[in-house]
file work_23.cif (mmCIF, C-alpha atoms)
data_upload
#
loop_
_atom_site.label_atom_id
_atom_site.label_comp_id
_atom_site.auth_asym_id
_atom_site.auth_seq_id
_atom_site.Cartn_x
_atom_site.Cartn_y
_atom_site.Cartn_z
CA TYR A 108 -6.69 2.84 9.54
CA PHE A 109 -5.27 -0.60 8.88
CA ALA A 110 -8.68 -2.04 7.96
CA SER A 111 -9.32 0.83 5.54
CA ILE A 112 -6.09 0.13 3.64
CA ALA A 113 -6.80 -3.63 3.65
CA SER A 114 -3.88 -4.32 5.96
CA ARG A 115 -3.74 -6.01 9.32
CA ILE A 116 -1.81 -6.06 12.55
CA ALA A 117 0.50 -9.09 12.29
CA ALA A 118 1.68 -8.97 15.91
CA GLY A 119 0.82 -7.00 19.00
CA ARG A 120 -2.09 -4.58 19.03
CA ASP A 121 -3.66 -1.72 17.11
CA PHE A 122 -3.86 1.81 18.50
CA VAL A 123 -6.45 2.29 21.24
CA PRO A 124 -8.22 5.44 22.49
CA GLY A 125 -5.90 5.41 25.53
CA ASP A 126 -2.93 6.14 23.25
CA ALA A 127 -3.34 9.87 23.78
CA GLU A 128 -1.25 12.91 24.64
CA GLY A 129 0.40 12.53 28.03
CA THR A 130 0.57 8.72 27.89
CA LEU A 131 3.43 6.42 26.95
CA PRO A 132 4.46 7.30 23.35
CA VAL A 133 3.76 4.27 21.17
CA ALA A 134 4.23 3.19 17.57
CA ILE A 135 3.28 0.43 15.21
CA ILE A 136 5.95 -0.54 12.70
CA SER A 137 5.74 -2.40 9.43
CA ARG A 138 7.13 -5.93 9.12
CA ALA A 139 9.83 -4.55 6.76
CA LEU A 140 11.01 -2.07 9.42
CA ALA A 141 10.85 -4.72 12.16
CA ASP A 142 13.01 -7.05 10.05
CA ARG A 143 15.47 -4.24 9.32
CA LEU A 144 15.86 -3.20 12.96
CA TRP A 145 15.47 -6.50 14.81
CA ALA A 146 15.66 -9.32 12.28
CA ASP A 147 16.51 -11.98 14.84
CA ARG A 148 14.39 -10.75 17.78
CA ASP A 149 10.81 -9.87 18.65
CA SER A 150 10.19 -6.17 18.11
CA LEU A 151 7.23 -5.78 20.49
CA GLY A 152 8.13 -3.66 23.51
CA ARG A 153 11.35 -2.37 21.95
CA GLN A 154 12.15 1.33 21.71
CA VAL A 155 12.41 3.24 18.44
CA ARG A 156 12.67 6.90 17.58
CA ALA A 157 11.39 8.77 14.55
CA ASP A 158 13.80 10.75 12.36
CA ASP A 159 13.78 13.74 14.69
CA GLU A 160 16.18 13.00 17.55
CA SER A 161 14.58 15.67 19.73
CA GLU A 162 11.44 13.54 20.02
CA ALA A 163 10.83 10.92 22.68
CA TRP A 164 11.51 7.24 22.25
CA LEU A 165 8.48 5.27 21.12
CA THR A 166 7.50 1.84 22.41
CA VAL A 167 6.58 -0.62 19.67
CA VAL A 168 3.13 -2.03 20.48
CA GLY A 169 2.35 -3.63 17.15
CA VAL A 170 3.76 -4.88 13.87
CA ALA A 171 1.66 -4.25 10.77
CA ALA A 172 1.67 -6.31 7.60
CA ASP A 173 3.80 -4.81 4.84
CA VAL A 174 2.31 -2.48 2.26
CA ARG A 175 3.60 -1.45 -1.13
CA ARG A 176 2.99 1.83 -2.89
CA VAL A 177 3.01 -0.02 -6.20
CA PRO A 178 3.09 -3.80 -6.67
CA GLN A 179 6.51 -3.99 -8.32
CA GLU A 180 8.32 -2.15 -5.50
CA PRO A 181 9.62 -3.80 -2.33
CA PRO A 182 7.63 -3.27 0.88
CA MET A 183 8.13 0.07 2.62
CA ALA A 184 9.67 0.34 6.08
CA LEU A 185 7.01 2.37 7.90
CA LEU A 186 6.45 3.75 11.38
CA TYR A 187 2.88 4.58 12.39
CA ARG A 188 2.02 6.86 15.30
CA PRO A 189 -1.36 7.59 16.87
CA VAL A 190 -2.67 10.98 15.81
CA ARG A 191 -3.64 11.75 19.42
CA GLN A 192 0.05 11.63 20.38
CA HIS A 193 1.60 13.16 17.28
CA THR A 194 -0.33 15.30 14.82
CA PRO A 195 1.40 15.38 11.43
CA ALA A 196 1.46 18.44 9.20
CA GLY A 197 -1.12 16.87 6.88
CA LEU A 198 -3.77 14.24 7.36
CA TYR A 199 -5.66 11.97 5.02
CA LEU A 200 -9.22 11.08 5.80
CA MET A 201 -10.08 7.68 4.37
CA ILE A 202 -13.74 6.76 4.03
CA ASP A 203 -14.95 3.32 3.02
CA SER A 204 -18.25 4.06 1.34
CA GLY A 205 -20.39 2.31 -1.22
CA ALA A 206 -21.45 5.71 -2.55
CA GLU A 207 -19.78 7.75 -5.25
CA ALA A 208 -16.84 9.84 -4.00
CA GLN A 209 -18.36 13.15 -5.14
CA SER A 210 -21.60 12.54 -3.25
CA VAL A 211 -19.77 11.78 0.00
CA ALA A 212 -17.25 14.63 -0.46
CA ALA A 213 -19.84 17.38 0.10
CA ASP A 214 -20.93 15.86 3.42
CA VAL A 215 -17.31 15.42 4.53
CA ARG A 216 -16.46 19.03 3.63
CA GLN A 217 -19.42 20.26 5.68
CA ALA A 218 -18.44 18.15 8.68
CA VAL A 219 -14.82 19.34 8.58
CA ALA A 220 -15.88 22.98 8.14
CA ALA A 221 -18.20 22.68 11.12
CA GLU A 222 -15.24 21.49 13.20
CA ASP A 223 -12.64 23.97 11.89
CA ALA A 224 -13.46 26.17 8.89
CA ARG A 225 -9.77 27.01 8.32
CA GLN A 226 -8.84 23.43 7.43
CA PRO A 227 -7.98 23.06 3.74
CA ILE A 228 -9.53 20.10 1.97
CA GLU A 229 -8.29 18.50 -1.23
CA GLY A 230 -9.88 15.73 -3.14
CA PRO A 231 -11.70 13.48 -3.05
CA TYR A 232 -9.33 10.85 -4.35
CA VAL A 233 -10.71 7.40 -5.05
CA ILE A 234 -8.27 4.70 -3.99
CA ALA A 235 -9.31 2.37 -6.81
CA GLU A 236 -8.46 5.08 -9.37
CA TRP A 237 -5.14 5.76 -7.66
CA VAL A 238 -4.25 2.06 -7.73
CA ARG A 239 -5.26 1.84 -11.40
CA ASP A 240 -3.03 4.82 -12.25
CA MET A 241 -0.10 3.40 -10.28
CA THR A 242 -0.39 -0.03 -11.91
CA ALA A 243 -0.99 1.23 -15.46
CA PRO A 244 2.64 0.75 -16.57
CA LEU A 245 2.66 -2.81 -15.24
CA THR A 246 -0.69 -3.51 -16.90
CA PHE A 247 0.71 -2.25 -20.22
CA VAL A 248 3.70 -4.58 -19.97
CA VAL A 249 1.45 -7.55 -19.16
CA VAL A 250 -0.90 -6.82 -22.06
CA LEU A 251 2.06 -6.36 -24.41
CA GLY A 252 3.57 -9.66 -23.25
CA LEU A 253 0.26 -11.45 -23.74
CA GLY A 254 0.00 -9.99 -27.25
CA PHE A 255 3.47 -11.21 -28.20
CA SER A 256 2.71 -14.60 -26.66
CA ALA A 257 -0.46 -14.88 -28.75
CA VAL A 258 1.43 -14.00 -31.94
CA GLY A 259 4.12 -16.56 -31.06
CA PHE A 260 1.48 -19.22 -30.45
CA VAL A 261 -0.21 -18.53 -33.79
CA LEU A 262 3.13 -18.65 -35.64
CA ALA A 263 4.12 -21.89 -33.91
CA PHE A 264 0.72 -23.43 -34.69
CA ALA A 265 0.99 -22.34 -38.34
CA GLY A 266 4.51 -23.80 -38.54
CA VAL A 267 3.45 -27.16 -37.09
CA TYR A 268 0.44 -27.21 -39.43
CA ALA A 269 2.59 -26.43 -42.46
CA LEU A 270 5.16 -29.08 -41.50
CA THR A 271 2.44 -31.70 -40.96
CA ALA A 272 0.78 -30.81 -44.26
CA ASP A 273 4.11 -31.04 -46.10
CA LEU A 274 4.95 -34.42 -44.55
CA SER A 275 1.45 -35.70 -45.38
CA GLN A 276 1.87 -34.61 -49.05
CA ARG A 277 5.24 -36.37 -49.28
CA ALA A 278 3.84 -39.56 -47.74
CA VAL A 279 1.00 -39.65 -50.29
CA ARG A 280 3.36 -39.32 -53.27
#

call {"tool": "encode", "arguments": {"input": "work_23.cif", "output": "structure tokens"}}
result
Amino acid sequence: YFASIASRIAAGRDFVPGDAEGTLPVAIISRALADRLWADRDSLGRQVRADDESEAWLTVVGVAADVRRVPQEPPMALLYRPVRQHTPAGLYLMIDSGAEAQSVAADVRQAVAAEDARQPIEGPYVIAEWVRDMTAPLTFVVVLGLGFSAVGFVLAFAGVYALTADLSQRAVR
């Protein structure tokens, strides 16, 4: 998962196949959450619990690099759990493929239907398109700022040119 979202484990370990139902409940937390909970101490091996207090305590086995939903927001405090220990209500299947999303989607739908035909499937969603949509407002502001900067540069250049031309005319007279 972390490789597919271009993130990395900053400390500790990634999930392993042994992190399954019936074993010690584990979690990987983001650096932002680690700093919030244990700013002055190492978070590996510490206990944390998800929002639901009826669930078991989780042992922190790794700290992941921070991620942001959009670049201008602060990093999110996240807790990751292995799907073999805790199946969420919804799952995202991320595929790193050089092929077009639509061409891969048909094969993925067939594979999921072969496993469990009742599973609903949405998408596909292309991460690059999602990132582009999320950063569009920031891109607009940058382009607008560059446009105003260019106009300011041209006006400043024209002003310096006009001043130099005027001073040259006065010096000749």

call {"tool": "closest_residue", "arguments": {"input": "work_23.cif", "among": "A:Met241, A:Val133, A:Ala220, A:Ile234", "to": "A:Ser111", "atoms": "only C-alpha atoms"}}
result
A:Ile234

call {"tool": "resolve_selection", "arguments": {"input": "work_23.cif", "expression": "the PyMOL selection byres ((chain A and resi 132) around 10)", "output": "list in words"}}
result
Asp126, Ala127, Glu128, Gly129, Thr130, Leu131, Val133, Ala134, Gln154, Glu162, Ala163, Trp164, Leu165, Thr166, Val167, Val168, Arg188, Pro189, Gln192 and His193 of chain A

call {"tool": "closest_residue", "arguments": {"input": "work_23.cif", "among": "A:Ile112, A:Val177, A:Ala184, A:Val248", "to": "A:Arg143", "atoms": "all atoms listed in the file"}}
result
A:Ala184

call {"tool": "atom_distance", "arguments": {"input": "work_23.cif", "atom1": "atom CA of A:Ala218", "atom2": "atom CA of A:Ala206"}}
result
17.0 Å

call {"tool": "atom_distance", "arguments": {"input": "work_23.cif", "atom1": "atom CA of A:Tyr187", "atom2": "atom CA of A:Ile135"}}
result
5.0 Å

call {"tool": "build_atoms", "arguments": {"input": "work_23.cif", "residues": "stretch 134-162 of chain A", "atoms": "N, CA and C atoms", "output": "CSV table (one decimal), in the coordinates of the input"}}
result
chain,number,residue,atom,x,y,z
A,134,ALA,N,4.2,3.3,19.0
A,134,ALA,CA,4.2,3.2,17.6
A,134,ALA,C,3.9,1.8,17.1
A,135,ILE,N,3.4,1.7,15.9
A,135,ILE,CA,3.3,0.4,15.2
A,135,ILE,C,4.2,0.5,14.0
A,136,ILE,N,5.0,-0.5,13.8
A,136,ILE,CA,6.0,-0.5,12.7
A,136,ILE,C,5.6,-1.6,11.7
A,137,SER,N,6.0,-1.4,10.5
A,137,SER,CA,5.7,-2.4,9.4
A,137,SER,C,6.7,-3.6,9.6
A,138,ARG,N,6.3,-4.7,9.0
A,138,ARG,CA,7.1,-5.9,9.1
A,138,ARG,C,8.5,-5.6,8.5
A,139,ALA,N,8.5,-4.9,7.4
A,139,ALA,CA,9.8,-4.6,6.8
A,139,ALA,C,10.7,-3.8,7.7
A,140,LEU,N,10.2,-2.8,8.5
A,140,LEU,CA,11.0,-2.1,9.4
A,140,LEU,C,11.4,-3.0,10.6
A,141,ALA,N,10.5,-3.8,11.1
A,141,ALA,CA,10.8,-4.7,12.2
A,141,ALA,C,12.0,-5.6,11.7
A,142,ASP,N,11.9,-6.2,10.5
A,142,ASP,CA,13.0,-7.0,10.0
A,142,ASP,C,14.3,-6.3,9.9
A,143,ARG,N,14.3,-5.0,9.5
A,143,ARG,CA,15.5,-4.2,9.3
A,143,ARG,C,16.1,-3.9,10.7
A,144,LEU,N,15.3,-3.6,11.7
A,144,LEU,CA,15.9,-3.2,13.0
A,144,LEU,C,16.2,-4.4,13.9
A,145,TRP,N,15.3,-5.4,13.9
A,145,TRP,CA,15.5,-6.5,14.8
A,145,TRP,C,15.2,-7.8,14.1
A,146,ALA,N,15.9,-8.2,13.1
A,146,ALA,CA,15.7,-9.3,12.3
A,146,ALA,C,15.6,-10.6,13.1
A,147,ASP,N,16.4,-10.7,14.1
A,147,ASP,CA,16.5,-12.0,14.8
A,147,ASP,C,15.8,-12.0,16.2
A,148,ARG,N,15.1,-10.9,16.5
A,148,ARG,CA,14.4,-10.8,17.8
A,148,ARG,C,13.0,-10.2,17.6
A,149,ASP,N,12.2,-10.4,18.6
A,149,ASP,CA,10.8,-9.9,18.6
A,149,ASP,C,10.9,-8.4,18.8
A,150,SER,N,10.1,-7.6,18.1
A,150,SER,CA,10.2,-6.2,18.1
A,150,SER,C,9.2,-5.6,19.1
A,151,LEU,N,8.2,-6.3,19.6
A,151,LEU,CA,7.2,-5.8,20.5
A,151,LEU,C,7.9,-5.4,21.8
A,152,GLY,N,7.6,-4.2,22.3
A,152,GLY,CA,8.1,-3.7,23.5
A,152,GLY,C,9.5,-3.0,23.4
A,153,ARG,N,10.1,-3.0,22.2
A,153,ARG,CA,11.4,-2.4,22.0
A,153,ARG,C,11.1,-0.9,21.8
A,154,GLN,N,12.2,-0.1,21.8
A,154,GLN,CA,12.2,1.3,21.7
A,154,GLN,C,12.7,1.7,20.3
A,155,VAL,N,12.0,2.7,19.7
A,155,VAL,CA,12.4,3.2,18.4
A,155,VAL,C,12.1,4.7,18.5
A,156,ARG,N,12.9,5.5,17.6
A,156,ARG,CA,12.7,6.9,17.6
A,156,ARG,C,12.5,7.3,16.1
A,157,ALA,N,11.6,8.3,15.9
A,157,ALA,CA,11.4,8.8,14.6
A,157,ALA,C,12.7,9.5,14.1
A,158,ASP,N,12.6,10.1,12.9
A,158,ASP,CA,13.8,10.8,12.4
A,158,ASP,C,14.3,11.9,13.2
A,159,ASP,N,13.4,12.6,13.9
A,159,ASP,CA,13.8,13.7,14.7
A,159,ASP,C,14.3,13.3,16.0
A,160,GLU,N,15.6,13.5,16.3
A,160,GLU,CA,16.2,13.0,17.6
A,160,GLU,C,15.7,13.8,18.8
A,161,SER,N,15.1,14.9,18.6
A,161,SER,CA,14.6,15.7,19.7
A,161,SER,C,13.3,15.1,20.3
A,162,GLU,N,12.7,14.2,19.6
A,162,GLU,CA,11.4,13.5,20.0
A,162,GLU,C,11.7,12.4,21.0
